[in-house]
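As provided, structure.tsv (TSV, C-alpha atoms) reads as follows.
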```
chain	number	residue	atom	x	y	z
W	1	MET	CA	-17.53	-77.30	86.55
W	2	GLU	CA	-16.92	-74.19	88.65
W	3	THR	CA	-17.96	-74.11	92.30
W	4	ILE	CA	-20.26	-71.10	92.59
W	5	SER	CA	-20.72	-68.81	95.57
W	6	ILE	CA	-22.91	-65.70	95.61
W	7	ILE	CA	-22.39	-62.79	97.98
W	8	GLY	CA	-25.70	-61.07	98.65
W	9	CYS	CA	-29.10	-62.77	98.71
W	10	GLY	CA	-31.37	-59.84	97.90
W	11	THR	CA	-33.49	-59.38	94.78
W	12	MET	CA	-30.62	-60.06	92.37
W	13	GLY	CA	-28.59	-62.45	94.52
W	14	HIS	CA	-31.26	-65.08	95.09
W	15	SER	CA	-32.51	-64.75	91.51
W	16	ILE	CA	-28.97	-65.43	90.21
W	17	ALA	CA	-28.72	-68.38	92.59
W	18	LEU	CA	-31.97	-69.74	91.17
W	19	SER	CA	-30.57	-69.45	87.65
W	20	ALA	CA	-27.45	-71.41	88.62
W	21	ALA	CA	-29.32	-74.11	90.55
W	22	TRP	CA	-31.86	-74.43	87.72
W	23	ALA	CA	-28.93	-75.20	85.43
W	24	GLY	CA	-27.85	-78.01	87.77
W	25	MET	CA	-25.15	-76.18	89.72
W	26	GLN	CA	-24.70	-76.33	93.47
W	27	VAL	CA	-24.63	-72.82	94.91
W	28	LYS	CA	-23.68	-71.32	98.25
W	29	MET	CA	-25.14	-67.90	98.99
W	30	HIS	CA	-24.23	-65.40	101.70
W	31	GLY	CA	-26.75	-63.24	103.53
W	32	MET	CA	-25.95	-60.46	105.99
W	33	ASN	CA	-28.11	-61.99	108.74
W	34	GLN	CA	-30.87	-64.52	109.38
W	35	GLN	CA	-33.61	-62.08	108.32
W	36	ASP	CA	-31.77	-61.61	105.02
W	37	ILE	CA	-31.70	-65.37	104.56
W	38	HIS	CA	-35.37	-65.74	105.50
W	39	ASN	CA	-36.34	-63.17	102.86
W	40	ALA	CA	-34.22	-64.92	100.24
W	41	LYS	CA	-35.83	-68.29	100.97
W	42	LYS	CA	-39.26	-66.70	100.68
W	43	GLY	CA	-38.32	-65.05	97.37
W	44	LEU	CA	-36.90	-68.30	96.00
W	45	GLN	CA	-40.04	-70.22	96.94
W	46	GLN	CA	-42.30	-67.64	95.29
W	47	LYS	CA	-40.29	-67.71	92.05
W	48	ILE	CA	-40.15	-71.51	92.00
W	49	ASN	CA	-43.92	-71.68	92.57
W	50	VAL	CA	-44.50	-69.41	89.55
W	51	LEU	CA	-42.19	-71.53	87.38
W	52	CYS	CA	-44.06	-74.69	88.44
W	53	ALA	CA	-47.44	-73.06	87.78
W	54	ASN	CA	-46.26	-72.19	84.25
W	55	ASP	CA	-44.98	-75.73	83.55
W	56	MET	CA	-41.37	-74.55	83.51
W	57	LEU	CA	-40.50	-76.88	86.39
W	58	LYS	CA	-41.76	-80.21	87.69
W	59	LYS	CA	-42.08	-80.79	91.42
W	60	GLU	CA	-39.02	-83.05	91.47
W	61	GLU	CA	-36.95	-80.43	89.66
W	62	ALA	CA	-38.13	-77.74	92.07
W	63	ASN	CA	-37.06	-79.84	95.04
W	64	HIS	CA	-33.68	-80.47	93.44
W	65	ILE	CA	-33.16	-76.75	92.86
W	66	GLN	CA	-33.89	-75.96	96.49
W	67	GLN	CA	-31.45	-78.63	97.62
W	68	ASN	CA	-28.78	-77.12	95.38
W	69	ILE	CA	-28.90	-73.73	97.13
W	70	ILE	CA	-27.24	-73.43	100.54
W	71	LEU	CA	-27.62	-70.16	102.46
W	72	SER	CA	-25.42	-68.95	105.30
W	73	ASP	CA	-24.55	-65.73	107.12
W	74	GLN	CA	-20.96	-66.95	107.57
W	75	LEU	CA	-18.89	-65.43	104.74
W	76	ASP	CA	-15.84	-67.69	105.19
W	77	GLU	CA	-18.04	-70.78	105.06
W	78	VAL	CA	-19.69	-69.64	101.82
W	79	ILE	CA	-16.51	-68.78	99.90
W	80	MET	CA	-13.93	-71.19	101.33
W	81	HIS	CA	-14.16	-73.75	98.52
W	82	ALA	CA	-15.50	-71.49	95.77
W	83	THR	CA	-13.78	-71.18	92.40
W	84	PHE	CA	-16.16	-68.54	91.00
W	85	ILE	CA	-17.71	-65.86	93.22
W	86	ILE	CA	-20.54	-63.56	92.12
W	87	GLU	CA	-20.93	-60.38	94.17
W	88	ALA	CA	-24.49	-59.04	94.24
W	89	ILE	CA	-24.50	-56.56	97.12
W	90	PRO	CA	-25.91	-52.98	97.00
W	91	GLU	CA	-24.49	-50.43	94.53
W	92	ILE	CA	-22.21	-48.70	97.04
W	93	LEU	CA	-18.61	-48.52	95.83
W	94	ASP	CA	-16.91	-48.56	99.24
W	95	LEU	CA	-19.10	-51.48	100.34
W	96	LYS	CA	-18.05	-53.50	97.29
W	97	LYS	CA	-14.36	-52.70	97.73
W	98	ASP	CA	-14.56	-53.69	101.40
W	99	ILE	CA	-16.15	-57.07	100.62
W	100	TYR	CA	-13.47	-57.79	98.00
W	101	GLN	CA	-10.76	-57.28	100.63
W	102	LYS	CA	-12.53	-59.69	102.97
W	103	ILE	CA	-12.95	-62.24	100.18
W	104	GLU	CA	-9.33	-62.01	99.04
W	105	SER	CA	-8.13	-62.71	102.58
W	106	VAL	CA	-9.77	-66.14	102.38
W	107	ILE	CA	-9.54	-67.37	98.77
W	108	ASN	CA	-6.55	-68.27	96.59
W	109	GLU	CA	-5.45	-66.20	93.61
W	110	ASN	CA	-7.13	-68.44	91.01
W	111	VAL	CA	-10.68	-67.73	92.16
W	112	VAL	CA	-12.67	-65.38	89.91
W	113	ILE	CA	-14.61	-62.52	91.49
W	114	ALA	CA	-17.49	-61.33	89.30
W	115	SER	CA	-19.53	-58.25	90.21
W	116	ASN	CA	-23.19	-57.89	89.30
W	117	THR	CA	-22.87	-54.10	89.31
W	118	SER	CA	-25.13	-52.37	86.82
W	119	GLY	CA	-22.83	-49.42	86.24
W	120	PHE	CA	-19.45	-49.33	88.01
W	121	LYS	CA	-16.43	-49.88	85.78
W	122	PRO	CA	-14.52	-53.05	86.73
W	123	SER	CA	-11.22	-51.13	86.83
W	124	LEU	CA	-12.73	-48.86	89.50
W	125	LEU	CA	-13.98	-51.83	91.51
W	126	ALA	CA	-10.56	-53.52	91.34
W	127	GLU	CA	-8.51	-50.50	92.45
W	128	ASN	CA	-7.53	-51.86	95.87
W	129	MET	CA	-7.49	-55.57	95.04
W	130	GLN	CA	-4.45	-57.80	95.48
W	131	HIS	CA	-5.28	-59.56	92.21
W	132	PRO	CA	-7.23	-57.17	89.95
W	133	GLU	CA	-6.72	-59.52	87.02
W	134	ARG	CA	-9.42	-61.83	88.42
W	135	LEU	CA	-12.12	-59.15	88.75
W	136	ILE	CA	-14.80	-59.00	86.05
W	137	VAL	CA	-18.34	-57.69	85.76
W	138	THR	CA	-21.20	-60.09	85.03
W	139	HIS	CA	-24.26	-57.84	84.91
W	140	PHE	CA	-27.46	-59.88	85.14
W	141	TRP	CA	-30.79	-58.24	84.32
W	142	ASN	CA	-33.70	-58.28	86.75
W	143	PRO	CA	-35.38	-60.73	87.11
W	144	ALA	CA	-32.17	-62.71	86.59
W	145	HIS	CA	-33.86	-66.13	86.43
W	146	LEU	CA	-36.11	-65.03	83.54
W	147	ILE	CA	-33.95	-62.67	81.46
W	148	PRO	CA	-31.15	-64.41	79.51
W	149	LEU	CA	-28.84	-61.43	78.97
W	150	VAL	CA	-25.66	-61.07	81.01
W	151	GLU	CA	-23.24	-58.26	80.17
W	152	VAL	CA	-19.66	-59.43	80.72
W	153	VAL	CA	-17.30	-56.48	81.13
W	154	LYS	CA	-13.54	-56.78	81.49
W	155	GLY	CA	-11.42	-54.17	83.24
W	156	GLU	CA	-8.07	-52.81	82.20
W	157	GLN	CA	-6.26	-55.53	84.16
W	158	THR	CA	-8.71	-58.42	83.71
W	159	ASN	CA	-6.85	-61.34	82.17
W	160	LEU	CA	-8.04	-63.55	79.33
W	161	ALA	CA	-8.50	-66.60	81.55
W	162	THR	CA	-10.96	-64.67	83.73
W	163	VAL	CA	-12.92	-63.55	80.67
W	164	GLU	CA	-13.11	-67.08	79.28
W	165	ARG	CA	-14.19	-68.58	82.60
W	166	ALA	CA	-16.89	-65.94	83.07
W	167	MET	CA	-18.28	-66.58	79.59
W	168	GLN	CA	-18.27	-70.34	80.21
W	169	VAL	CA	-20.08	-70.02	83.55
W	170	MET	CA	-22.77	-67.79	82.04
W	171	LYS	CA	-23.32	-70.23	79.17
W	172	ALA	CA	-23.47	-73.14	81.62
W	173	MET	CA	-26.24	-71.21	83.42
W	174	HIS	CA	-28.11	-71.08	80.06
W	175	LYS	CA	-27.59	-67.32	79.84
W	176	HIS	CA	-26.80	-65.27	76.74
W	177	PRO	CA	-23.57	-63.46	77.66
W	178	ILE	CA	-22.30	-60.53	75.60
W	179	LEU	CA	-18.72	-59.30	75.98
W	180	LEU	CA	-17.75	-55.64	76.24
W	181	HIS	CA	-14.20	-55.08	75.04
W	182	LYS	CA	-14.11	-51.56	76.54
W	183	GLU	CA	-15.36	-50.18	79.84
W	184	ILE	CA	-18.16	-47.64	79.48
W	185	PRO	CA	-20.54	-46.37	82.20
W	186	GLY	CA	-23.86	-48.21	82.14
W	187	PHE	CA	-22.48	-50.86	79.77
W	188	ILE	CA	-24.70	-51.52	76.72
W	189	GLY	CA	-28.19	-52.34	77.95
W	190	ASN	CA	-28.60	-49.42	80.33
W	191	ARG	CA	-27.17	-46.95	77.82
W	192	LEU	CA	-29.77	-48.04	75.28
W	193	GLN	CA	-32.54	-48.15	77.89
W	194	TYR	CA	-31.78	-44.71	79.25
W	195	ALA	CA	-31.42	-43.16	75.80
W	196	LEU	CA	-35.03	-44.22	75.22
W	197	PHE	CA	-36.03	-43.05	78.71
W	198	ARG	CA	-34.45	-39.63	78.17
W	199	GLU	CA	-36.38	-39.10	74.95
W	200	ALA	CA	-39.60	-40.31	76.60
W	201	GLN	CA	-39.10	-37.76	79.39
W	202	SER	CA	-38.41	-35.01	76.87
W	203	ILE	CA	-41.60	-35.76	74.94
W	204	LEU	CA	-43.63	-35.81	78.18
W	205	ASP	CA	-42.10	-32.56	79.45
W	206	ALA	CA	-42.88	-30.87	76.12
W	207	GLY	CA	-46.55	-31.88	76.38
W	208	VAL	CA	-46.45	-33.72	73.05
W	209	ALA	CA	-48.52	-36.68	74.33
W	210	THR	CA	-49.83	-38.32	77.49
W	211	LYS	CA	-47.73	-40.78	79.46
W	212	GLU	CA	-50.08	-43.55	78.36
W	213	ASP	CA	-49.60	-42.78	74.67
W	214	ILE	CA	-45.84	-42.41	75.01
W	215	ASP	CA	-45.67	-45.86	76.60
W	216	ALA	CA	-48.07	-47.24	73.96
W	217	ALA	CA	-45.78	-45.94	71.22
W	218	VAL	CA	-43.19	-48.41	72.50
W	219	THR	CA	-45.29	-51.38	73.61
W	220	TYR	CA	-47.33	-51.49	70.38
W	221	SER	CA	-44.48	-50.86	67.92
W	222	ILE	CA	-40.77	-51.22	68.61
W	223	GLY	CA	-41.54	-53.28	71.70
W	224	ARG	CA	-43.10	-55.90	69.41
W	225	ARG	CA	-40.24	-55.79	66.92
W	226	LEU	CA	-37.13	-55.59	69.08
W	227	PRO	CA	-37.44	-59.11	70.59
W	228	VAL	CA	-36.71	-60.40	67.08
W	229	THR	CA	-34.35	-57.74	65.71
W	230	GLY	CA	-32.21	-55.34	67.70
W	231	PRO	CA	-31.64	-51.74	66.55
W	232	LEU	CA	-28.79	-52.48	64.16
W	233	MET	CA	-30.45	-55.47	62.48
W	234	THR	CA	-33.69	-53.49	62.28
W	235	ALA	CA	-31.78	-50.80	60.36
W	236	ASP	CA	-30.39	-53.43	57.99
W	237	MET	CA	-33.89	-54.72	57.29
W	238	GLY	CA	-35.30	-51.24	56.78
W	239	GLY	CA	-32.45	-50.07	54.56
W	240	LEU	CA	-29.35	-48.28	55.82
W	241	ASP	CA	-29.86	-45.44	53.35
W	242	VAL	CA	-33.27	-44.76	54.91
W	243	PHE	CA	-31.98	-44.98	58.48
W	244	SER	CA	-29.00	-42.78	57.64
W	245	ALA	CA	-31.21	-40.11	56.09
W	246	ILE	CA	-33.55	-40.09	59.08
W	247	SER	CA	-30.60	-39.99	61.48
W	248	ASN	CA	-29.18	-36.97	59.68
W	249	TYR	CA	-32.26	-34.82	60.25
W	250	LEU	CA	-33.74	-36.34	63.44
W	251	PHE	CA	-30.65	-36.55	65.66
W	252	GLU	CA	-30.41	-32.77	65.62
W	253	ASP	CA	-33.79	-32.54	67.35
W	254	LEU	CA	-33.42	-35.35	69.90
W	255	SER	CA	-32.95	-34.55	73.57
W	256	THR	CA	-29.38	-34.04	74.77
W	257	VAL	CA	-30.17	-33.00	78.36
W	258	SER	CA	-27.71	-34.18	80.98
W	259	GLN	CA	-30.12	-34.37	83.93
W	260	SER	CA	-33.52	-35.89	84.73
W	261	GLY	CA	-36.51	-34.19	83.08
W	262	THR	CA	-38.83	-31.71	84.77
W	263	VAL	CA	-41.70	-34.10	85.50
W	264	LEU	CA	-39.41	-36.85	86.80
W	265	THR	CA	-37.50	-34.47	89.07
W	266	LYS	CA	-40.75	-33.12	90.54
W	267	LEU	CA	-42.08	-36.61	91.23
W	268	VAL	CA	-38.88	-37.67	92.98
W	269	ASP	CA	-38.81	-34.47	95.07
W	270	GLU	CA	-42.38	-35.23	96.18
W	271	GLY	CA	-41.47	-38.80	97.17
W	272	LYS	CA	-43.55	-40.28	94.35
W	273	LEU	CA	-41.18	-43.07	93.37
W	274	GLY	CA	-43.44	-45.41	91.43
W	275	ASP	CA	-44.58	-48.90	92.37
W	276	LYS	CA	-42.64	-48.97	95.66
W	277	SER	CA	-44.31	-45.80	97.00
W	278	GLY	CA	-47.76	-46.20	95.43
W	279	GLU	CA	-47.46	-43.34	92.96
W	280	GLY	CA	-45.11	-42.18	90.22
W	281	PHE	CA	-45.91	-41.43	86.61
W	282	TYR	CA	-48.85	-43.78	87.31
W	283	THR	CA	-50.88	-44.55	90.44
W	284	TRP	CA	-49.88	-47.94	91.82
W	285	ASP	CA	-52.58	-49.31	94.08
W	286	ALA	CA	-52.27	-52.94	95.18
W	287	ASP	CA	-54.41	-54.36	92.36
W	288	PHE	CA	-52.67	-52.39	89.61
W	289	SER	CA	-49.25	-53.37	90.96
W	290	VAL	CA	-50.11	-57.07	91.02
W	291	GLN	CA	-51.65	-56.86	87.54
W	292	LYS	CA	-48.69	-55.16	85.88
W	293	ASN	CA	-46.01	-57.19	87.64
W	294	THR	CA	-47.83	-60.41	86.73
W	295	GLU	CA	-48.24	-59.32	83.09
W	296	ARG	CA	-44.53	-58.59	82.80
W	297	GLU	CA	-43.59	-61.86	84.48
W	298	GLN	CA	-45.87	-63.86	82.20
W	299	THR	CA	-44.45	-62.16	79.10
W	300	LEU	CA	-40.88	-62.95	80.20
W	301	ILE	CA	-41.86	-66.57	80.87
W	302	HIS	CA	-43.39	-66.77	77.37
W	303	PHE	CA	-40.10	-65.66	75.82
W	304	LEU	CA	-38.07	-67.95	78.09
W	305	LYS	CA	-40.18	-70.97	77.14
W	306	ASN	CA	-39.34	-70.27	73.52
W	307	ASP	CA	-35.64	-69.95	74.38
W	308	VAL	CA	-35.72	-73.31	76.18
W	309	LYS	CA	-37.47	-74.92	73.22
W	310	ILE	CA	-34.84	-73.63	70.79
W	311	ARG	CA	-31.98	-74.72	73.07
W	312	LYS	CA	-33.37	-78.26	73.37
W	313	GLU	CA	-33.79	-78.49	69.60
W	314	LYS	CA	-30.11	-77.65	69.18
W	315	GLU	CA	-28.94	-80.19	71.76
```
Output the file's structure as C-alpha cells, nothing else.
Amino acid sequence: METISIIGCGTMGHSIALSAAWAGMQVKMHGMNQQDIHNAKKGLQQKINVLCANDMLKKEEANHIQQNIILSDQLDEVIMHATFIIEAIPEILDLKKDIYQKIESVINENVVIASNTSGFKPSLLAENMQHPERLIVTHFWNPAHLIPLVEVVKGEQTNLATVERAMQVMKAMHKHPILLHKEIPGFIGNRLQYALFREAQSILDAGVATKEDIDAAVTYSIGRRLPVTGPLMTADMGGLDVFSAISNYLFEDLSTVSQSGTVLTKLVDEGKLGDKSGEGFYTWDADFSVQKNTEREQTLIHFLKNDVKIRKEKE
C-alpha cells in the first residue's frame, strides 16, 4: 500500500484526507500554519459527525479515521516517508510550481506527485520539475469524501507506472477514477458542467424563463436521469437517429459565447457572488444556505450509501 501525504488542508485537502482514512489508509497532511490545521480539524470533525448521524460510520470507525490522519505545518516531516503525494493547494500556477520544487528537494525520484487541480494541464504544472514523468493530475470533486469521481489526467511526459499507481490509489480509496488520455482544459467533468452552465446563462439573459424554472428544468428532468445514464448512454437508449437529428438542427442555435453572460457579469461586478456573499442569482440568507447545503449533502449521502451497498455485494 502507498504511503499517502496531502499538501494543503483546506476544503479539498482535508476532504481528500477523510476519503483516504475512511478507506483504511494512514495519511499525513500539511497545513500552512496552526490556524490552517485548526480549521482542517474542525472541518474533519463536522464531516465525520454528519457521516455518523447518517449511519455511514460507527463511533469506533470514526475514532479510527481520526487517528489515521496526522496534521503538521512542517512540510519535510509530512513528505519525508511518502510514496504518493497529493497536492491540494490554491489554483495559483506559480504557487504549485514552487511547492513541487520544495517537495522534489526532499523526496526520491520514485515518489508520485498528484495534483488536485481542476483545470491546469499536467504538462504545464510539470514544466520546471526534475522528474516530470512522476507528475499526474487526480482531480477530486467537492465534497471529495462524498463524490466518487476522480479525473486522472496524464501529461505529455507522465510515465505508465505513474498512471497505474494513481489509478490503484484512487480505487483503494473507493473512488471511481476515469483516465484522460489527452490533456484538455477543464478535463471532462468541468467541460460538461460549464457547457450546461453556458446554455443556462444564455437562456436567462434572453429572458426565456426565470432562474427558478431554468434550474427546475434540470433538477426535475435530466438531473433525475443522469445519475443512472450519462449523456452518451442516454442517447443510445433514446435512439441515435433521434439524437443525431436533434443535434443537426439544435446545435446551430445553442450558445457559443466565449465569455460570461450579461446577468452573471453584472452580479460579479456588484460583488454578488452567491452563497459566500449572501446574494447571487438567489438570495442566500443563513436559513436558506443551511437548507440547500444540507439538501445537497443528504442527496450525495443517499447516492454514496447505494454505492457502498453495491461494492459490498461485489466483494
I'd like the contact shell of segment 293-303 of chain W - 9 Å cut-off, all atoms listed in the file, skipping same-chain residues fewer than 3 positions apart - returned as a short mmCIF file (atom, residue, chain, number, x, y, z; two decimals) with C-alpha atoms, in the coordinates of the input.
```cif
data_model
loop_
_atom_site.label_atom_id
_atom_site.label_comp_id
_atom_site.auth_asym_id
_atom_site.auth_seq_id
_atom_site.Cartn_x
_atom_site.Cartn_y
_atom_site.Cartn_z
CA LEU W 51 -42.19 -71.53 87.38
CA ASN W 54 -46.26 -72.19 84.25
CA MET W 56 -41.37 -74.55 83.51
CA PRO W 143 -35.38 -60.73 87.11
CA LEU W 146 -36.11 -65.03 83.54
CA ILE W 147 -33.95 -62.67 81.46
CA PRO W 227 -37.44 -59.11 70.59
CA PHE W 288 -52.67 -52.39 89.61
CA SER W 289 -49.25 -53.37 90.96
CA VAL W 290 -50.11 -57.07 91.02
CA ASN W 306 -39.34 -70.27 73.52
CA ASP W 307 -35.64 -69.95 74.38
CA VAL W 308 -35.72 -73.31 76.18
#
```
(message) Just to confirm, what's the straight-line distance from atom CA of Glu61 of chain W to atom CA of Lys314 of chain W in Å (one decimal)?
(response)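 These atoms are spaced 21.8 Å apart.
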(message) Can you tell me which residues surround segment 21-34 of chain W at a distance of at most 9 Å, considering all atoms listed in the file, apart from same-chain residues fewer than 5 positions away, and format the answer as a ChimeraX atom specification?
(response) /W:1-10,13-14,16,39-40,61-62,64-75,77-79,82,145,172-174
(message) For a test of reading the model, state the distance in Å between atom CA of Ser255 of chain W and atom CA of Leu196 of chain W, rounded to one decimal.
(response) 10.0 Å
(message) Need the shell around Met170 of chain W: protein/DNA/RNA residues with any atom at most 12 Å away, counting all atoms listed in the file. Skip same-chain ones fewer than 2 positions apart. Format as a PyMOL selection string?
(response) chain W and resi 1-2+4+16+19-20+23+25+84+86+114+137-140+144+148-152+163-168+172-179
(message) Tell me which residues come within 12 Å of (-40.6, -50.2, 73.9), as an MDAnalysis selection string, counting all atoms listed in the file in the file's coordinates.
(response) chainID W and resid 192:197 199:200 213:227 230:231
(request) Report the distance between atom CA of Gln259 of chain W and atom CA of Asp275 of chain W in Å, rounded to one decimal place. (result) 22.2 Å
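For the choices W:Thr158, W:Gln101, W:Ser118, W:Thr234, the atom-to-atom distance to Leu135 of chain W is smallest for W:Thr158 when using only C-alpha atoms.
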Provide an axis-aligned box for all listed atoms of segment 100-117 of chain W, padding each side by 8 Å; report its centre and its edge lengths in Å to one decimal, as AutoDock Vina command-line options.
```
--center_x -14.3 --center_y -61.3 --center_z 96.1 --size_x 33.7 --size_y 30.3 --size_z 29.7
```
(request) Excluding Ala235 of chain W and residues on its chain fewer than 6 positions from it, collect all residues at most 12 Å away from it, counting only C-alpha atoms, and give them as number ranges by chain. (result) W: 225-226, 229, 241-247
(message) I'd like to know which of W:Pro90, W:Ile85, W:Phe281, W:Asp55 is closest to Thr210 of chain W, using all atoms listed in the file.
(response) W:Phe281
(request) Write out as a list in words which residues come within 7 Å of Ile136 of chain W when counting only C-alpha atoms, dropping same-chain ones fewer than 4 positions away. (result) Ile113, Ala114, Ser115, Pro122, Val153, Lys154, Gly155 and Thr158 of chain W
(request) Determine, counting only C-alpha atoms, every residue of protein, DNA or RNA that lies within 9 Å of (-23.7, -51.2, 78.1) in the file coordinates, then give the result as a ChimeraX atom specification. (result) /W:118-119,151,153,180,183-192
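Using only C-alpha atoms for every distance, the candidate list W:Asp205, W:Glu87, W:Glu133, W:Glu279 yields W:Glu87 as the residue closest to Asn116 of chain W.
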(request) Considering all atoms listed in the file, state which residue in the set W:Thr83, W:Thr117, W:Asn110, W:Asn159 is at the smallest distance from Leu95 of chain W. (result)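 Distance minimum relative to Leu95 of chain W lands on W:Thr117.
If only C-alpha atoms are the atoms counted, then among W:Thr262, W:Gln157, W:Asn128, W:Gln46 the closest residue to Ile203 of chain W is W:Thr262.
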How would segment 120-136 of chain W read, as a compact mmCIF listing (two decimals), in the coordinates of the input, once N, CA, C and O atoms are built in?
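Everything below was put into selection.txt:
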```
# COMPACT_ATOMS: atom_id res chain seq x y z
N PHE W 120 -20.84 -49.62 87.67
CA PHE W 120 -19.45 -49.33 88.01
C PHE W 120 -18.48 -50.01 87.04
O PHE W 120 -18.65 -51.19 86.70
N LYS W 121 -17.46 -49.29 86.63
CA LYS W 121 -16.43 -49.88 85.78
C LYS W 121 -15.63 -50.90 86.58
O LYS W 121 -15.28 -50.66 87.74
N PRO W 122 -15.30 -52.05 85.99
CA PRO W 122 -14.52 -53.05 86.73
C PRO W 122 -13.16 -52.54 87.19
O PRO W 122 -12.69 -52.94 88.25
N SER W 123 -12.52 -51.67 86.42
CA SER W 123 -11.22 -51.13 86.83
C SER W 123 -11.35 -50.31 88.11
O SER W 123 -10.45 -50.30 88.95
N LEU W 124 -12.48 -49.63 88.27
CA LEU W 124 -12.73 -48.86 89.50
C LEU W 124 -12.96 -49.80 90.67
O LEU W 124 -12.44 -49.59 91.76
N LEU W 125 -13.71 -50.86 90.46
CA LEU W 125 -13.98 -51.83 91.51
C LEU W 125 -12.70 -52.52 91.98
O LEU W 125 -12.56 -52.87 93.15
N ALA W 126 -11.77 -52.73 91.05
CA ALA W 126 -10.56 -53.52 91.34
C ALA W 126 -9.40 -52.70 91.87
O ALA W 126 -8.31 -53.24 92.09
N GLU W 127 -9.61 -51.41 92.08
CA GLU W 127 -8.51 -50.50 92.45
C GLU W 127 -7.66 -50.98 93.62
O GLU W 127 -6.43 -50.88 93.59
N ASN W 128 -8.27 -51.49 94.66
CA ASN W 128 -7.53 -51.86 95.87
C ASN W 128 -7.33 -53.37 96.01
O ASN W 128 -6.91 -53.84 97.08
N MET W 129 -7.58 -54.12 94.95
CA MET W 129 -7.49 -55.57 95.04
C MET W 129 -6.04 -56.07 94.93
O MET W 129 -5.22 -55.47 94.24
N GLN W 130 -5.77 -57.17 95.59
CA GLN W 130 -4.45 -57.80 95.48
C GLN W 130 -4.26 -58.39 94.08
O GLN W 130 -3.15 -58.36 93.53
N HIS W 131 -5.34 -58.93 93.53
CA HIS W 131 -5.28 -59.56 92.21
C HIS W 131 -6.38 -59.00 91.31
O HIS W 131 -7.40 -59.65 91.08
N PRO W 132 -6.20 -57.80 90.79
CA PRO W 132 -7.23 -57.17 89.95
C PRO W 132 -7.49 -57.91 88.64
O PRO W 132 -8.54 -57.72 88.03
N GLU W 133 -6.56 -58.78 88.27
CA GLU W 133 -6.72 -59.52 87.02
C GLU W 133 -7.86 -60.52 87.08
O GLU W 133 -8.36 -60.99 86.06
N ARG W 134 -8.35 -60.85 88.28
CA ARG W 134 -9.42 -61.83 88.42
C ARG W 134 -10.79 -61.19 88.59
O ARG W 134 -11.80 -61.87 88.72
N LEU W 135 -10.84 -59.86 88.58
CA LEU W 135 -12.12 -59.15 88.75
C LEU W 135 -12.76 -58.90 87.39
O LEU W 135 -12.11 -58.41 86.46
N ILE W 136 -14.04 -59.22 87.29
CA ILE W 136 -14.80 -59.00 86.05
C ILE W 136 -16.24 -58.66 86.42
O ILE W 136 -16.70 -59.01 87.53
```
